[in-house]
Amino acid sequence: IGFGLTPIVLVAVDRWLRSWSSGIALIAGSLFALVMAVSHFVALTVALAIVAMGLLALISPIGAVRDWRKGVKSLISFVVPMLPLLPLYLALGEAFSGPSQPVTSSGQFAWSELPDQLEFLYRAFPWLWRTVFLAAVVAPLLAIARRDRPLWRMQTSLLVAVAGVTALTREVRFLYFLTIVGGLGIAMWIDTFTVSASREGTTGLVRNVPRWLAVGSAAVLLFACSWQLQAGLRFFDFQRNHYGVLSPGLVEAIDYVDVNSAPTDVIAIPSLRDAPIGWWVEAIADREVIYGSPLGWLVFDAELERAALANQIFAPTFPTREKLEQAAAAGISYIVIPTNWVFYEADAVARIGVTPPWVLVFRNDDAVVLGLKPPG
């Protein structure tokens, strides 16, 4: 959703910066606030692109602010829709600017690994992506004479933003924005060729090229959308099962904990395929959760501490007596174990019923729940 909104936001921001209209500013700000609500990492990249677009507008006669009062009013209109999300982003900013956590740097790549990372991310049709990305990178340079056009500002600003945020964080996920950069770059090539072919003095055959190009592009887009729809419908179940971490049985186990636990009880659950499914337990059961997770996913000190404890408990030897004693000492009352967890052993879990104080309180095909039986 965030990726899909990105070009829409950039179009709205460009129109705002060319007119400094408070109404358009309110629309652009609302769209960006929607991106902020969807994904903070998409919002960060789009914010940097907006800053770059603003700088380009200020140095361009088209975007010059002739009335500073109008500019201030317009800027306020742009910011107002984001105010409800400001507390959340202040908390995120405080966490990111706090003491450095070495564990959160494990997902960073070295500069020497950048080509390999790109090759891996875009391993499907590599010849296509290499061509598209190369065209997107050189397009702003070759078309610099057309820097007064909105498409040039949008593509250049997003390219600078993606390069900047990737250089600062060295996180692979920001490289996914290259698909949008590539699309805008190809659009810039088509736009440049179309305008050049439409100039006066060109032959009739050449002057008809833009029309045929538009028809051809529409036909290709229609075919691509139709193919994507068919492929999406065919592979939906496969993709849902591949990427989904929750199953009906696991949700049933979480519901059991929700109904049978006290509000003060603490729940523990391991990570599932490196996904911190404890987030879903927190949302469904509304309980404190000690959840396993790769620490690189986490930011706040409290969740890092809880995840570190959970990772210790759910080490490959779980559920030994020592691990269960460690869980009890940590104040954990229920342990939810998905049966497709990589370290799940049905026989070991079955033996827990004869080793109090932990008892097997719930079981189905997708999950089991261990409960701490109080003394007496």
# chains A, B, ... in the order shown; residues from 1 in each chain; ligands from 1
$ select_by_dssp --residues "stretch 84-327 of chain A" --states "helix (DSSP H, G or I)" --output "PyMOL selection string"
chain A and resi 84-96+102-105+111-121+126-142+144-146+150-169+172-197+204-207+209-243+248-260+278-285+295-297+301-313+321-327
$ residues_around --residues "A:Val336" --least-positions-apart "5" --cutoff "7 Å" --atoms "only C-alpha atoms" --output "PyMOL selection string"
chain A and resi 268-269+367-370
$ closest_residue --among "A:Gly183, A:Phe133, A:Tyr344, A:Ala33" --to "A:Pro84" --atoms "only C-alpha atoms"
A:Ala33
$ closest_residue --among "A:Trp227, A:Phe177, A:Phe362, A:Phe78" --to "A:Gly249" --atoms "only C-alpha atoms"
A:Phe362
$ select_by_dssp --residues "stretch 199-369 of chain A" --states "strand (DSSP E)" --output "number ranges by chain"
A: 266-269, 288-291, 332-338, 358-363, 367-369
$ atom_distance --atom1 "atom CA of A:Ala275" --atom2 "atom CA of A:Ala310"
13.2 Å
$ atom_distance --atom1 "atom CA of A:Asp265" --atom2 "atom CA of A:Glu282"
11.8 Å
$ closest_residue --among "A:Asp301, A:Asp274, A:Glu288, A:Glu322" --to "A:Trp341" --atoms "only C-alpha atoms"
A:Asp274
$ residues_around --residues "A:Gln326" --least-positions-apart "4" --cutoff "12 Å" --atoms "only C-alpha atoms" --output "list in words"
Ala268, Leu309, Ala310, Asn311, Gln312, Ile313, Phe314, Ala315, Phe318, Pro319, Thr320, Arg321, Glu322, Ala330, Gly331, Ile332, Ser333 and Trp358 of chain A
$ closest_residue --among "A:Ala49, A:Ala43, A:Ala329, A:Val72" --to "A:Leu85" --atoms "only C-alpha atoms"
A:Ala43
$ residues_around --residues "A:Leu86" --least-positions-apart "4" --cutoff "12 Å" --atoms "only C-alpha atoms" --output "ChimeraX atom specification"
/A:33,36-37,40,79-82,90-93
$ write_last_selection --atoms "N, CA, C and O atoms" --output "PDB file, in the first residue's frame"
ATOM      1  N   ALA A  33       0.167  11.624   5.066  1.00  0.00           N
ATOM      2  CA  ALA A  33      -0.218  11.108   6.379  1.00  0.00           C
ATOM      3  C   ALA A  33      -0.702   9.665   6.268  1.00  0.00           C
ATOM      4  O   ALA A  33      -0.451   8.843   7.160  1.00  0.00           O
ATOM      5  N   MET A  36       2.315   7.594   6.156  1.00  0.00           N
ATOM      6  CA  MET A  36       2.868   7.492   7.507  1.00  0.00           C
ATOM      7  C   MET A  36       2.115   6.458   8.340  1.00  0.00           C
ATOM      8  O   MET A  36       2.717   5.738   9.141  1.00  0.00           O
ATOM      9  N   ALA A  37       0.806   6.391   8.149  1.00  0.00           N
ATOM     10  CA  ALA A  37       0.003   5.434   8.904  1.00  0.00           C
ATOM     11  C   ALA A  37       0.241   4.007   8.449  1.00  0.00           C
ATOM     12  O   ALA A  37       0.057   3.062   9.215  1.00  0.00           O
ATOM     13  N   HIS A  40       6.342   3.190   8.344  1.00  0.00           N
ATOM     14  CA  HIS A  40       7.288   4.240   8.705  1.00  0.00           C
ATOM     15  C   HIS A  40       8.502   4.248   7.776  1.00  0.00           C
ATOM     16  O   HIS A  40       9.081   5.290   7.504  1.00  0.00           O
ATOM     17  N   VAL A  79       1.045  20.271   6.744  1.00  0.00           N
ATOM     18  CA  VAL A  79       1.490  19.580   7.960  1.00  0.00           C
ATOM     19  C   VAL A  79       0.316  19.122   8.825  1.00  0.00           C
ATOM     20  O   VAL A  79       0.406  18.088   9.506  1.00  0.00           O
ATOM     21  N   VAL A  80      -0.782  19.844   8.820  1.00  0.00           N
ATOM     22  CA  VAL A  80      -1.896  19.564   9.737  1.00  0.00           C
ATOM     23  C   VAL A  80      -2.367  18.108   9.700  1.00  0.00           C
ATOM     24  O   VAL A  80      -2.571  17.493  10.756  1.00  0.00           O
ATOM     25  N   PRO A  81      -2.558  17.478   8.539  1.00  0.00           N
ATOM     26  CA  PRO A  81      -3.035  16.088   8.556  1.00  0.00           C
ATOM     27  C   PRO A  81      -2.088  15.106   9.237  1.00  0.00           C
ATOM     28  O   PRO A  81      -2.510  14.015   9.638  1.00  0.00           O
ATOM     29  N   MET A  82      -0.829  15.470   9.389  1.00  0.00           N
ATOM     30  CA  MET A  82       0.150  14.552   9.986  1.00  0.00           C
ATOM     31  C   MET A  82       0.191  14.655  11.509  1.00  0.00           C
ATOM     32  O   MET A  82       0.789  13.803  12.167  1.00  0.00           O
ATOM     33  N   LEU A  90       7.476  10.593  17.037  1.00  0.00           N
ATOM     34  CA  LEU A  90       8.428  11.110  18.027  1.00  0.00           C
ATOM     35  C   LEU A  90       8.995   9.958  18.865  1.00  0.00           C
ATOM     36  O   LEU A  90      10.184   9.933  19.175  1.00  0.00           O
ATOM     37  N   ALA A  91       8.122   9.015  19.230  1.00  0.00           N
ATOM     38  CA  ALA A  91       8.591   7.847  19.989  1.00  0.00           C
ATOM     39  C   ALA A  91       9.549   7.011  19.155  1.00  0.00           C
ATOM     40  O   ALA A  91      10.583   6.532  19.654  1.00  0.00           O
ATOM     41  N   LEU A  92       9.229   6.824  17.873  1.00  0.00           N
ATOM     42  CA  LEU A  92      10.130   6.072  17.000  1.00  0.00           C
ATOM     43  C   LEU A  92      11.469   6.799  16.842  1.00  0.00           C
ATOM     44  O   LEU A  92      12.529   6.183  16.879  1.00  0.00           O
ATOM     45  N   GLY A  93      11.399   8.116  16.673  1.00  0.00           N
ATOM     46  CA  GLY A  93      12.627   8.889  16.529  1.00  0.00           C
ATOM     47  C   GLY A  93      13.486   8.825  17.773  1.00  0.00           C
ATOM     48  O   GLY A  93      14.717   8.723  17.691  1.00  0.00           O
TER      49      GLY A  93
END
$ atom_distance --atom1 "atom CA of A:Ile277" --atom2 "atom CA of A:Glu94"
24.6 Å
$ residues_around --residues "A:Ile24" --least-positions-apart "2" --cutoff "12 Å" --atoms "only C-alpha atoms" --output "NGL selection string"
:A and (9 or 11-22 or 26-31 or 73-78)
$ write_last_selection --atoms "C-alpha atoms" --output "tab-separated table (two decimals), in the first residue's frame"
chain	number	residue	atom	x	y	z
A	9	VAL	CA	1.95	11.45	-3.12
A	11	VAL	CA	2.33	13.95	-7.97
A	12	ALA	CA	0.24	15.73	-5.34
A	13	VAL	CA	3.32	17.31	-3.74
A	14	ASP	CA	4.61	18.50	-7.11
A	15	ARG	CA	1.28	20.17	-7.87
A	16	TRP	CA	1.33	21.80	-4.45
A	17	LEU	CA	4.86	23.11	-4.88
A	18	ARG	CA	4.00	24.58	-8.28
A	19	SER	CA	0.92	26.42	-7.02
A	20	TRP	CA	1.40	26.79	-3.23
A	21	SER	CA	-2.37	26.33	-2.96
A	22	SER	CA	-3.58	25.55	0.56
A	26	LEU	CA	-4.07	19.75	2.37
A	27	ILE	CA	-4.63	16.94	-0.14
A	28	ALA	CA	-0.89	16.26	-0.45
A	29	GLY	CA	-0.46	16.29	3.32
A	30	SER	CA	-3.39	13.92	3.79
A	31	LEU	CA	-1.92	11.47	1.27
A	73	LYS	CA	-0.28	29.12	5.14
A	74	SER	CA	0.19	26.44	2.51
A	75	LEU	CA	2.91	24.71	4.54
A	76	ILE	CA	0.68	24.65	7.61
A	77	SER	CA	-2.10	23.07	5.55
A	78	PHE	CA	0.35	20.40	4.41
$ decode --residues "stretch 138-160 of chain A" --atoms "N, CA, C and O atoms" --output "short mmCIF file (atom, residue, chain, number, x, y, z; two decimals), in the first residue's frame"
data_model
loop_
_atom_site.label_atom_id
_atom_site.label_comp_id
_atom_site.auth_asym_id
_atom_site.auth_seq_id
_atom_site.Cartn_x
_atom_site.Cartn_y
_atom_site.Cartn_z
N VAL A 138 20.47 6.98 -15.46
CA VAL A 138 21.03 7.95 -16.41
C VAL A 138 19.99 8.92 -16.93
O VAL A 138 20.34 9.98 -17.47
N ALA A 139 18.69 8.60 -16.78
CA ALA A 139 17.63 9.46 -17.33
C ALA A 139 17.70 10.89 -16.81
O ALA A 139 17.61 11.84 -17.60
N PRO A 140 17.84 11.13 -15.48
CA PRO A 140 17.88 12.52 -15.01
C PRO A 140 19.07 13.30 -15.58
O PRO A 140 18.96 14.52 -15.80
N LEU A 141 20.19 12.62 -15.82
CA LEU A 141 21.36 13.31 -16.35
C LEU A 141 21.17 13.67 -17.82
O LEU A 141 21.48 14.79 -18.24
N LEU A 142 20.65 12.73 -18.59
CA LEU A 142 20.47 12.98 -20.02
C LEU A 142 19.32 13.95 -20.29
O LEU A 142 19.33 14.64 -21.31
N ALA A 143 18.36 13.99 -19.37
CA ALA A 143 17.20 14.86 -19.57
C ALA A 143 17.25 16.08 -18.67
O ALA A 143 16.21 16.66 -18.35
N ILE A 144 18.44 16.51 -18.26
CA ILE A 144 18.54 17.63 -17.33
C ILE A 144 18.00 18.92 -17.92
O ILE A 144 17.55 19.82 -17.21
N ALA A 145 18.00 19.02 -19.24
CA ALA A 145 17.43 20.21 -19.88
C ALA A 145 15.92 20.29 -19.66
O ALA A 145 15.32 21.36 -19.84
N ARG A 146 15.31 19.18 -19.27
CA ARG A 146 13.86 19.14 -19.04
C ARG A 146 13.54 19.12 -17.55
O ARG A 146 12.51 18.60 -17.13
N ARG A 147 14.43 19.71 -16.75
CA ARG A 147 14.25 19.69 -15.30
C ARG A 147 13.06 20.52 -14.81
O ARG A 147 12.72 20.48 -13.63
N ASP A 148 12.45 21.30 -15.71
CA ASP A 148 11.27 22.06 -15.32
C ASP A 148 10.00 21.21 -15.38
O ASP A 148 8.93 21.66 -14.98
N ARG A 149 10.10 19.97 -15.87
CA ARG A 149 8.93 19.11 -15.99
C ARG A 149 8.72 18.31 -14.70
O ARG A 149 9.69 17.86 -14.06
N PRO A 150 7.45 18.12 -14.30
CA PRO A 150 7.16 17.41 -13.05
C PRO A 150 7.77 16.01 -12.98
O PRO A 150 8.26 15.61 -11.93
N LEU A 151 7.75 15.29 -14.09
CA LEU A 151 8.26 13.92 -14.08
C LEU A 151 9.75 13.89 -13.74
O LEU A 151 10.21 13.00 -13.01
N TRP A 152 10.51 14.85 -14.24
CA TRP A 152 11.94 14.90 -13.95
C TRP A 152 12.15 15.14 -12.45
O TRP A 152 13.00 14.50 -11.82
N ARG A 153 11.38 16.07 -11.87
CA ARG A 153 11.55 16.37 -10.44
C ARG A 153 11.16 15.17 -9.58
O ARG A 153 11.82 14.86 -8.58
N MET A 154 10.07 14.49 -9.95
CA MET A 154 9.63 13.34 -9.16
C MET A 154 10.66 12.22 -9.20
O MET A 154 11.04 11.67 -8.16
N GLN A 155 11.11 11.88 -10.40
CA GLN A 155 12.04 10.76 -10.53
C GLN A 155 13.38 11.07 -9.87
O GLN A 155 13.96 10.24 -9.17
N THR A 156 13.88 12.28 -10.09
CA THR A 156 15.17 12.67 -9.52
C THR A 156 15.10 12.72 -8.00
O THR A 156 16.02 12.23 -7.30
N SER A 157 14.03 13.27 -7.46
CA SER A 157 13.90 13.38 -6.01
C SER A 157 13.81 12.01 -5.35
O SER A 157 14.46 11.77 -4.32
N LEU A 158 13.04 11.11 -5.95
CA LEU A 158 12.92 9.78 -5.36
C LEU A 158 14.23 9.01 -5.49
O LEU A 158 14.63 8.30 -4.56
N LEU A 159 14.93 9.17 -6.59
CA LEU A 159 16.23 8.51 -6.76
C LEU A 159 17.22 9.00 -5.71
O LEU A 159 17.94 8.20 -5.10
N VAL A 160 17.26 10.31 -5.49
CA VAL A 160 18.15 10.87 -4.46
C VAL A 160 17.76 10.36 -3.08
O VAL A 160 18.62 10.01 -2.26
#
